[in-house]
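**Student:** The following file, data.cif, comprises mmCIF, C-alpha atoms and all ligand atoms:
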data_coords
#
loop_
_atom_site.label_atom_id
_atom_site.label_comp_id
_atom_site.auth_asym_id
_atom_site.auth_seq_id
_atom_site.Cartn_x
_atom_site.Cartn_y
_atom_site.Cartn_z
CA MET O 1 184.70 -31.90 226.05
CA SER O 2 181.60 -29.75 225.55
CA ASN O 3 178.42 -30.50 227.51
CA GLU O 4 176.43 -29.20 224.58
CA ILE O 5 177.53 -31.43 221.72
CA LYS O 6 176.38 -35.03 221.98
CA THR O 7 175.55 -35.95 218.43
CA ILE O 8 177.06 -34.62 215.25
CA GLY O 9 175.94 -34.93 211.65
CA VAL O 10 178.17 -35.04 208.60
CA LEU O 11 177.26 -34.29 205.00
CA THR O 12 178.93 -33.76 201.63
CA SER O 13 177.55 -31.07 199.34
CA GLY O 14 178.20 -29.60 195.88
CA GLY O 15 180.44 -31.49 193.44
CA ASP O 16 182.01 -34.67 194.79
CA ALA O 17 185.79 -34.72 195.19
CA PRO O 18 188.30 -37.53 195.77
CA GLY O 19 189.21 -37.56 199.45
CA MET O 20 185.71 -36.76 200.70
CA ASN O 21 185.45 -40.33 202.01
CA ALA O 22 188.69 -39.91 203.95
CA ALA O 23 187.20 -36.77 205.53
CA ILE O 24 183.91 -38.51 206.39
CA ARG O 25 185.86 -41.39 207.92
CA ALA O 26 187.91 -38.98 210.02
CA VAL O 27 184.80 -37.15 211.22
CA VAL O 28 183.06 -40.40 212.18
CA ARG O 29 185.99 -42.03 213.91
CA THR O 30 187.16 -38.89 215.72
CA ALA O 31 183.63 -38.21 216.97
CA LEU O 32 183.33 -41.77 218.27
CA ALA O 33 186.74 -41.46 219.93
CA ARG O 34 185.53 -38.26 221.66
CA GLY O 35 182.39 -40.05 222.93
CA LEU O 36 179.94 -38.50 220.45
CA LYS O 37 177.24 -40.14 218.34
CA VAL O 38 177.40 -39.62 214.58
CA LYS O 39 174.66 -39.38 211.97
CA GLY O 40 175.36 -39.39 208.27
CA ILE O 41 173.19 -37.01 206.27
CA LYS O 42 172.82 -38.30 202.71
CA LYS O 43 172.77 -36.24 199.49
CA GLY O 44 173.82 -32.89 200.95
CA TYR O 45 171.19 -30.40 202.10
CA ASN O 46 168.56 -32.32 200.09
CA GLY O 47 168.98 -35.31 202.39
CA LEU O 48 168.84 -33.02 205.42
CA ILE O 49 165.51 -31.52 204.38
CA ASN O 50 164.15 -34.95 203.36
CA GLU O 51 165.50 -36.60 206.55
CA GLU O 52 167.74 -39.10 204.77
CA ILE O 53 169.73 -39.62 207.93
CA ILE O 54 171.58 -42.74 209.00
CA ASP O 55 173.39 -43.78 212.17
CA MET O 56 177.10 -44.22 211.61
CA ASP O 57 179.64 -46.28 213.52
CA ALA O 58 183.30 -47.10 212.96
CA LYS O 59 182.29 -49.89 210.57
CA SER O 60 180.19 -47.57 208.38
CA VAL O 61 183.40 -45.99 207.11
CA ALA O 62 185.47 -49.16 206.85
CA ASP O 63 187.09 -49.79 203.49
CA THR O 64 186.43 -46.25 202.22
CA ILE O 65 189.67 -44.26 202.62
CA HIS O 66 190.92 -45.28 199.17
CA LYS O 67 187.65 -44.74 197.33
CA GLY O 68 186.67 -41.77 195.15
CA GLY O 69 183.22 -40.17 195.22
CA THR O 70 181.37 -39.85 198.51
CA ILE O 71 179.66 -42.69 200.38
CA LEU O 72 177.12 -40.16 201.68
CA GLN O 73 176.42 -39.01 198.11
CA THR O 74 176.06 -35.34 197.31
CA ALA O 75 173.62 -32.95 195.69
CA ARG O 76 172.88 -29.38 194.88
CA CYS O 77 169.73 -28.28 196.72
CA LEU O 78 167.77 -25.24 195.56
CA GLU O 79 165.32 -25.41 198.48
CA PHE O 80 168.17 -24.85 200.90
CA MET O 81 168.84 -21.47 199.29
CA THR O 82 165.54 -20.27 200.81
CA ALA O 83 164.91 -19.27 204.44
CA GLU O 84 162.12 -21.89 204.58
CA GLY O 85 164.49 -24.66 203.50
CA GLN O 86 167.17 -23.56 205.97
CA LYS O 87 164.67 -23.41 208.86
CA LYS O 88 163.44 -26.87 207.93
CA GLY O 89 167.03 -28.14 207.88
CA ALA O 90 167.64 -26.78 211.38
CA GLU O 91 164.37 -28.34 212.63
CA VAL O 92 165.34 -31.71 211.18
CA CYS O 93 168.68 -31.46 213.01
CA ARG O 94 166.90 -30.76 216.30
CA LYS O 95 164.41 -33.60 215.67
CA HIS O 96 167.30 -36.05 215.20
CA GLY O 97 169.23 -34.68 218.17
CA ILE O 98 172.01 -33.35 215.91
CA ASP O 99 173.68 -30.42 217.63
CA GLY O 100 176.64 -29.97 215.31
CA VAL O 101 177.08 -30.52 211.57
CA VAL O 102 180.30 -30.93 209.59
CA VAL O 103 179.71 -29.74 206.02
CA ILE O 104 182.26 -30.97 203.47
CA GLY O 105 181.98 -28.92 200.27
CA GLY O 106 182.80 -25.67 198.55
CA ASP O 107 181.90 -22.01 199.06
CA GLY O 108 178.23 -22.59 198.25
CA SER O 109 178.02 -25.35 200.83
CA PHE O 110 179.67 -23.06 203.39
CA ARG O 111 176.93 -20.47 202.79
CA GLY O 112 174.45 -23.21 203.67
CA ALA O 113 176.45 -23.98 206.84
CA GLN O 114 176.42 -20.29 207.72
CA ASP O 115 172.61 -20.28 207.39
CA LEU O 116 172.24 -23.41 209.54
CA ALA O 117 174.39 -21.74 212.21
CA ARG O 118 172.08 -18.71 212.08
CA TYR O 119 169.20 -21.05 212.90
CA GLY O 120 171.02 -22.36 215.96
CA ILE O 121 172.91 -25.42 214.70
CA ASN O 122 176.67 -25.53 215.30
CA THR O 123 178.42 -25.92 211.96
CA ILE O 124 181.96 -26.45 210.73
CA GLY O 125 182.94 -26.36 207.06
CA VAL O 126 185.65 -28.55 205.53
CA PRO O 127 186.87 -27.42 202.07
CA GLY O 128 186.05 -30.10 199.51
CA THR O 129 186.29 -29.24 195.82
CA ILE O 130 188.61 -30.14 192.98
CA ASP O 131 188.58 -26.47 191.88
CA LEU O 132 190.85 -25.06 194.67
CA ASP O 133 188.68 -21.95 194.48
CA ILE O 134 188.07 -21.39 198.21
CA ALA O 135 189.79 -18.15 199.17
CA CYS O 136 190.68 -18.88 202.80
CA THR O 137 192.68 -22.04 202.08
CA GLU O 138 195.66 -23.12 199.99
CA TYR O 139 194.37 -26.71 199.92
CA THR O 140 190.96 -28.15 199.08
CA ILE O 141 190.11 -31.84 199.22
CA GLY O 142 190.26 -33.39 195.75
CA PHE O 143 192.45 -30.86 193.94
CA ASP O 144 195.59 -32.99 194.22
CA THR O 145 193.91 -36.09 192.82
CA ALA O 146 192.18 -34.12 190.07
CA VAL O 147 195.38 -32.45 188.85
CA ASN O 148 197.22 -35.77 188.90
CA THR O 149 194.42 -37.43 186.92
CA ALA O 150 194.39 -34.56 184.43
CA MET O 151 198.19 -34.55 184.19
CA GLU O 152 198.30 -38.26 183.32
CA ALA O 153 195.56 -37.84 180.71
CA ILE O 154 197.32 -34.84 179.16
CA ASP O 155 200.60 -36.83 178.92
CA LYS O 156 198.69 -39.39 176.87
CA VAL O 157 197.16 -36.79 174.58
CA ARG O 158 200.64 -35.32 174.12
CA ASP O 159 201.96 -38.66 172.81
CA THR O 160 199.42 -38.81 170.03
CA SER O 161 199.69 -35.09 169.39
CA THR O 162 203.45 -35.46 168.81
CA SER O 163 203.02 -38.51 166.56
CA HIS O 164 200.61 -36.62 164.31
CA GLU O 165 202.28 -33.22 164.69
CA ARG O 166 199.00 -31.77 165.85
CA CYS O 167 197.95 -28.93 168.03
CA SER O 168 195.82 -30.09 171.00
CA ILE O 169 193.47 -28.02 173.07
CA ILE O 170 192.77 -29.83 176.33
CA GLU O 171 189.96 -28.49 178.47
CA VAL O 172 190.16 -29.05 182.21
CA MET O 173 187.58 -28.40 184.93
CA GLY O 174 187.64 -25.65 187.54
CA ARG O 175 184.40 -23.73 187.08
CA ASN O 176 185.48 -20.06 186.95
CA ALA O 177 188.89 -20.72 188.44
CA GLY O 178 192.09 -21.57 186.56
CA TYR O 179 194.03 -23.47 189.25
CA ILE O 180 193.70 -26.92 187.65
CA ALA O 181 194.62 -25.40 184.27
CA LEU O 182 197.69 -23.60 185.63
CA TRP O 183 199.02 -26.60 187.54
CA CYS O 184 198.57 -28.85 184.50
CA ALA O 185 200.22 -26.26 182.25
CA ILE O 186 203.34 -26.37 184.44
CA ALA O 187 203.26 -30.12 185.10
CA ASN O 188 202.63 -31.05 181.47
CA GLY O 189 204.90 -28.45 179.94
CA ALA O 190 202.07 -26.98 177.89
CA GLU O 191 202.95 -24.42 175.24
CA ASP O 192 199.99 -22.22 176.18
CA VAL O 193 197.45 -21.97 178.99
CA LEU O 194 194.19 -20.07 178.96
CA LEU O 195 193.01 -19.00 182.41
CA PRO O 196 189.66 -17.30 183.08
CA GLU O 197 191.49 -14.92 185.43
CA ARG O 198 193.97 -13.78 182.77
CA TYR O 199 192.80 -14.61 179.22
CA ASN O 200 192.11 -11.51 177.14
CA ASN O 201 190.46 -13.33 174.20
CA ASP O 202 193.44 -12.57 171.98
CA GLU O 203 193.14 -15.64 169.76
CA GLN O 204 195.50 -14.11 167.22
CA ALA O 205 198.31 -14.19 169.83
CA LEU O 206 197.58 -17.89 170.31
CA ILE O 207 197.70 -18.50 166.57
CA ASP O 208 201.00 -16.60 166.29
CA SER O 209 202.44 -18.67 169.13
CA ILE O 210 201.44 -21.95 167.43
CA ILE O 211 202.99 -20.86 164.12
CA ALA O 212 206.20 -19.64 165.83
CA ASN O 213 206.55 -22.97 167.68
CA ARG O 214 206.06 -24.97 164.51
CA ARG O 215 208.78 -22.89 162.81
CA LYS O 216 211.06 -23.70 165.75
CA GLY O 217 210.48 -27.38 165.00
CA LYS O 218 208.11 -28.27 167.84
CA LYS O 219 206.13 -31.35 166.90
CA HIS O 220 203.12 -30.62 169.04
CA HIS O 221 201.44 -27.62 170.61
CA ILE O 222 199.53 -28.27 173.82
CA ILE O 223 197.06 -25.64 174.93
CA ILE O 224 195.44 -26.13 178.33
CA ASN O 225 192.09 -24.39 178.28
CA ALA O 226 190.18 -23.82 181.51
CA GLU O 227 186.50 -24.74 181.65
CA GLY O 228 185.71 -21.14 182.59
CA ILE O 229 186.77 -20.14 179.05
CA GLY O 230 185.41 -23.27 177.37
CA HIS O 231 184.44 -23.48 173.67
CA SER O 232 187.45 -25.73 172.99
CA THR O 233 185.88 -27.45 169.97
CA SER O 234 185.05 -24.26 168.08
CA MET O 235 188.41 -22.79 169.10
CA ALA O 236 190.13 -25.84 167.58
CA ARG O 237 188.27 -25.35 164.30
CA ARG O 238 189.26 -21.69 164.10
CA ILE O 239 192.91 -22.41 164.96
CA GLU O 240 193.13 -25.18 162.35
CA ALA O 241 191.68 -22.85 159.71
CA ALA O 242 194.09 -20.03 160.62
CA THR O 243 197.28 -22.10 161.00
CA GLY O 244 196.76 -25.01 158.62
CA ILE O 245 197.87 -27.28 161.48
CA GLU O 246 195.53 -30.12 162.41
CA THR O 247 193.99 -29.15 165.74
CA ARG O 248 191.91 -31.34 168.07
CA ALA O 249 190.01 -30.56 171.22
CA THR O 250 189.79 -32.95 174.19
CA ILE O 251 187.47 -32.17 177.08
CA LEU O 252 188.60 -34.19 180.09
CA GLY O 253 185.35 -33.70 182.01
CA TYR O 254 184.19 -35.83 184.93
CA MET O 255 187.12 -38.25 184.88
CA GLN O 256 188.85 -35.47 186.87
CA ARG O 257 186.32 -35.80 189.69
CA GLY O 258 186.52 -39.58 190.13
CA GLY O 259 189.12 -42.10 191.14
CA SER O 260 191.11 -43.13 194.16
CA PRO O 261 192.45 -40.13 196.14
CA THR O 262 196.17 -39.43 196.20
CA CYS O 263 198.17 -39.79 199.41
CA LYS O 264 198.02 -36.02 199.94
CA ASP O 265 194.23 -35.92 199.59
CA ARG O 266 193.82 -38.83 202.01
CA VAL O 267 196.13 -37.33 204.64
CA TYR O 268 194.93 -33.70 204.46
CA ALA O 269 191.27 -34.78 204.34
CA SER O 270 191.83 -36.99 207.40
CA VAL O 271 193.46 -34.16 209.36
CA MET O 272 190.76 -31.68 208.35
CA GLY O 273 187.95 -34.09 209.31
CA THR O 274 189.47 -34.62 212.75
CA TYR O 275 190.10 -30.88 213.15
CA ALA O 276 186.43 -30.14 212.38
CA VAL O 277 185.20 -32.47 215.12
CA ASP O 278 187.70 -31.03 217.59
CA LEU O 279 186.37 -27.53 216.86
CA LEU O 280 182.82 -28.71 217.63
CA CYS O 281 184.09 -30.30 220.84
CA GLN O 282 185.55 -26.90 221.81
CA ASP O 283 182.05 -25.36 221.41
CA LYS O 284 183.10 -23.59 218.22
CA SER O 285 180.60 -23.00 215.43
CA ASN O 286 180.27 -21.17 212.10
CA ARG O 287 183.92 -21.90 211.33
CA VAL O 288 185.76 -23.39 208.39
CA VAL O 289 188.90 -25.51 208.47
CA ALA O 290 191.70 -24.29 206.20
CA TYR O 291 195.34 -24.90 205.30
CA LYS O 292 197.45 -21.76 205.26
CA ASN O 293 201.23 -21.20 205.36
CA GLY O 294 201.96 -24.84 206.12
CA GLU O 295 199.45 -25.18 208.96
CA PHE O 296 195.90 -26.38 209.51
CA VAL O 297 193.91 -23.42 210.85
CA ASP O 298 190.30 -22.28 211.13
CA TYR O 299 188.39 -19.12 210.27
CA ASP O 300 185.00 -17.72 210.99
CA ILE O 301 182.82 -18.65 207.97
CA ASP O 302 181.69 -15.04 207.42
CA GLU O 303 185.31 -13.94 207.38
CA ALA O 304 186.33 -16.85 205.13
CA LEU O 305 183.58 -16.13 202.60
CA ALA O 306 184.57 -12.47 202.42
CA MET O 307 188.16 -13.36 201.45
CA THR O 308 189.31 -13.33 197.84
CA LYS O 309 192.17 -15.07 196.10
CA ASP O 310 193.71 -14.99 192.68
CA ILE O 311 196.04 -16.97 190.49
CA ASP O 312 199.67 -16.52 191.52
CA ASP O 313 201.28 -14.32 188.85
CA TYR O 314 204.73 -15.75 189.49
CA GLN O 315 203.45 -19.31 188.86
CA PHE O 316 201.68 -18.05 185.74
CA SER O 317 204.92 -16.48 184.50
CA VAL O 318 206.75 -19.77 185.23
CA SER O 319 204.29 -21.63 182.98
CA MET O 320 204.94 -19.14 180.19
CA VAL O 321 208.74 -18.95 180.52
CA LEU O 322 209.14 -22.74 180.57
CA ALA O 323 206.88 -23.23 177.56
CA LYS O 324 209.12 -21.31 175.17
P1 LIG P 1 179.99 -25.87 196.25
O1 LIG P 1 179.67 -26.16 197.66
O2 LIG P 1 180.92 -26.87 195.64
O3 LIG P 1 180.42 -24.44 196.04
P2 LIG P 1 177.40 -25.19 195.15
O4 LIG P 1 177.71 -23.75 194.97
O5 LIG P 1 176.66 -25.89 194.07
O6 LIG P 1 178.68 -26.09 195.39
O7 LIG P 1 176.59 -25.30 196.53
C1 LIG P 1 176.18 -26.55 197.03
C2 LIG P 1 174.86 -26.41 197.75
O8 LIG P 1 175.03 -25.55 198.88
C3 LIG P 1 173.73 -25.75 196.96
O9 LIG P 1 173.06 -26.63 196.10
C4 LIG P 1 172.82 -25.30 198.07
O10 LIG P 1 172.07 -26.37 198.59
C5 LIG P 1 173.82 -24.84 199.13
N1 LIG P 1 174.04 -23.40 198.97
C6 LIG P 1 174.75 -22.75 198.03
N2 LIG P 1 174.67 -21.41 198.18
C7 LIG P 1 173.87 -21.20 199.25
C8 LIG P 1 173.39 -20.03 199.91
N3 LIG P 1 173.72 -18.81 199.50
N4 LIG P 1 172.59 -20.21 200.99
C9 LIG P 1 172.27 -21.45 201.40
N5 LIG P 1 172.67 -22.57 200.82
C10 LIG P 1 173.47 -22.47 199.75
O1 LIG P 2 183.08 -27.82 191.40
C1 LIG P 2 183.56 -28.98 190.77
C2 LIG P 2 183.11 -29.00 189.35
O2 LIG P 2 183.53 -30.21 188.74
C3 LIG P 2 183.56 -27.81 188.50
O3 LIG P 2 184.89 -27.93 188.09
C4 LIG P 2 182.55 -27.84 187.39
O4 LIG P 2 182.38 -26.56 186.83
C5 LIG P 2 181.29 -28.28 188.10
O5 LIG P 2 181.69 -28.95 189.27
C6 LIG P 2 180.41 -29.19 187.29
O6 LIG P 2 179.28 -29.43 188.03
P1 LIG P 2 178.19 -30.52 187.68
O7 LIG P 2 178.55 -31.76 188.42
O8 LIG P 2 176.92 -29.94 188.21
O9 LIG P 2 178.18 -30.71 186.19
#
Would you write the structure of this file as structure tokens?
**Tutor:**
Amino acid sequence: MSNEIKTIGVLTSGGDAPGMNAAIRAVVRTALARGLKVKGIKKGYNGLINEEIIDMDAKSVADTIHKGGTILQTARCLEFMTAEGQKKGAEVCRKHGIDGVVVIGGDGSFRGAQDLARYGINTIGVPGTIDLDIACTEYTIGFDTAVNTAMEAIDKVRDTSTSHERCSIIEVMGRNAGYIALWCAIANGAEDVLLPERYNNDEQALIDSIIANRRKGKKHHIIINAEGIGHSTSMARRIEAATGIETRATILGYMQRGGSPTCKDRVYASVMGTYAVDLLCQDKSNRVVAYKNGEFVDYDIDEALAMTKDIDDYQFSVSMVLAK
């Protein structure tokens, strides 16, 4: 084990995601098993700057693996976007004897980790976001739970949609990314899906598709609309006016971010949390844990943040072929 690292900190940052607690638990318990001390940094980079730092032991994470949200709480911190804020964060780490920090969050949080590393603190990022929008990894903590929550909710909307022979626009989260929308479109057998990465604003094509389906005898028409496109309520009004078919919008919202994590989120988050601590123990810093081609791997944060990814066109075509 490294002579350098004696105490590590762990924080969650950006939007919370189910499975973050499993990751925190893994970080804490792995660190203790490797002979390190652990400090929990509350409320993301805000808590770092404001020194909301607590000692953590094995008991601090007891009874948390099955819980949604994050026991450390999370925040978005504008001050940490400035050099002053980042310097202060690094000083607070040194003051508390924290020589390595595990940051669980999305791309934005990784940029913060990159800055902390620049100011001399060893950092490892763990991908935590329901959006699946981190380029270097095929898995992010929370996505699996979020799509399962959304899928169950959409099944319910479909029941009532069929009973009333309505068209339903269901808006799912994902910021500017369409991964949640695409997975739900396939899993729920939606008739149409609108992805920020692909939608060309051709509402007439959507209207034609609804009318054609109704002529075929379909009793409902489910449209999954990604948050990055939005405007589901006004879209519903326009579609109803153009088709004469009752159309309702449902915005699933924050229910997708809460709830008990799925088995996959608990297991992957646990492995990633342990992996992050092991990287710190190997004197590695400025790295991010990822899941790629069936394996847990790690990348330099600079390299990871420069990567891009896009919706899989084959999966998109599957959603369209199966909807007809
Ligand atoms: P996510 O981590 O889910 O992408 P955000 O983009 O909101 O969420 O970022 C979370 C927090 O990470 C921000 O509130 C800020 O404190 C920090 N952060 C984001 N971008 C940067 C940046 N470029 N430099 C330093 N810190 C950043
Ligand atoms: O990143 C997760 C996410 O839920 C996005 O899907 C959404 O755009 C955003 O966070 C909402 O953020 P807030 O909690 O600030 O409303």
**Student:** Determine, counting only C-alpha atoms, every residue of protein, DNA or RNA that lies within 12 Å of (168.8, -24.4, 199.8) in the file coordinates, then give the result as a PyMOL selection string.
**Tutor:** chain O and resi 13-14+44-49+75-90+108-116
**Student:** Got a sec: who's within 6 Å of Ile8 (chain O), counting all atoms listed in the file, leaving out chain neighbours fewer than 5 positions off, as JSON, numbers by chain?
**Tutor:** {"O": [38, 98, 99, 100, 101]}
**Student:** Neighbours of region 224-233 of chain O within 6 Å (only C-alpha atoms; same-chain residues fewer than 5 positions away dropped), as a PDB file with C-alpha atoms, in the coordinates of the input?
**Tutor:**
ATOM      1  CA  ILE O 169     193.470 -28.020 173.070  1.00  0.00           C
ATOM      2  CA  ILE O 170     192.770 -29.830 176.330  1.00  0.00           C
ATOM      3  CA  GLU O 171     189.960 -28.490 178.470  1.00  0.00           C
ATOM      4  CA  VAL O 172     190.160 -29.050 182.210  1.00  0.00           C
ATOM      5  CA  MET O 173     187.580 -28.400 184.930  1.00  0.00           C
ATOM      6  CA  ARG O 175     184.400 -23.730 187.080  1.00  0.00           C
ATOM      7  CA  ASN O 176     185.480 -20.060 186.950  1.00  0.00           C
ATOM      8  CA  GLY O 178     192.090 -21.570 186.560  1.00  0.00           C
ATOM      9  CA  ALA O 181     194.620 -25.400 184.270  1.00  0.00           C
ATOM     10  CA  VAL O 193     197.450 -21.970 178.990  1.00  0.00           C
ATOM     11  CA  LEU O 194     194.190 -20.070 178.960  1.00  0.00           C
ATOM     12  CA  LEU O 195     193.010 -19.000 182.410  1.00  0.00           C
ATOM     13  CA  PRO O 196     189.660 -17.300 183.080  1.00  0.00           C
ATOM     14  CA  ALA O 249     190.010 -30.560 171.220  1.00  0.00           C
TER      15      ALA O 249
END
**Student:** Ranking O:Ala269, O:Ala62, O:Ala241, O:Met235 by minimum distance to Gly142 (chain O) and counting all atoms listed in the file, which one comes first?
**Tutor:** O:Ala269
**Student:** Could you list, as a PyMOL selection string, every residue within 9 Å of Leu32 (chain O), counting all atoms listed in the file and ignoring same-chain residues fewer than 5 positions away?
**Tutor:** chain O and resi 27+37-38+57-58
**Student:** Enclose region 159-174 of chain O, meaning all of its atoms listed in the file, in a box aligned along x, y and z, pad it by 4 Å on each side, and list the centre and edge lengths in Å to one decimal, as JSON.
**Tutor:**
{"center_x": 195.5, "center_y": -32.2, "center_z": 175.9, "size_x": 23.9, "size_y": 21.2, "size_z": 31.2}
**Student:** Give me, as CSV, each residue of region 34-140 of chain O that comes within 9 Å of region 304-312 of chain O, together with its shortest interatomic pair and the distance in Å at one decimal, counting all atoms listed in the file, with rows ordered by chain and rising residue number.
**Tutor:**
residue,atom,partner,partner_atom,distance
O:Asp107,CA,O:Leu305,CA,7.1
O:Phe110,CA,O:Leu305,CA,8.0
O:Arg111,CA,O:Leu305,CA,7.9
O:Asp133,CA,O:Lys309,CA,7.9
O:Ile134,CA,O:Lys309,CA,7.8
O:Ala135,CA,O:Lys309,CA,5.0
O:Cys136,CA,O:Ala304,CA,5.3
O:Thr137,CA,O:Ala304,CA,8.7
**Student:** Just want the residues within 6 Å of ligand LIG 2 (chain P), written as a ChimeraX atom specification, counting only C-alpha atoms and all ligand atoms.
**Tutor:** /O:15,129-131,173-175
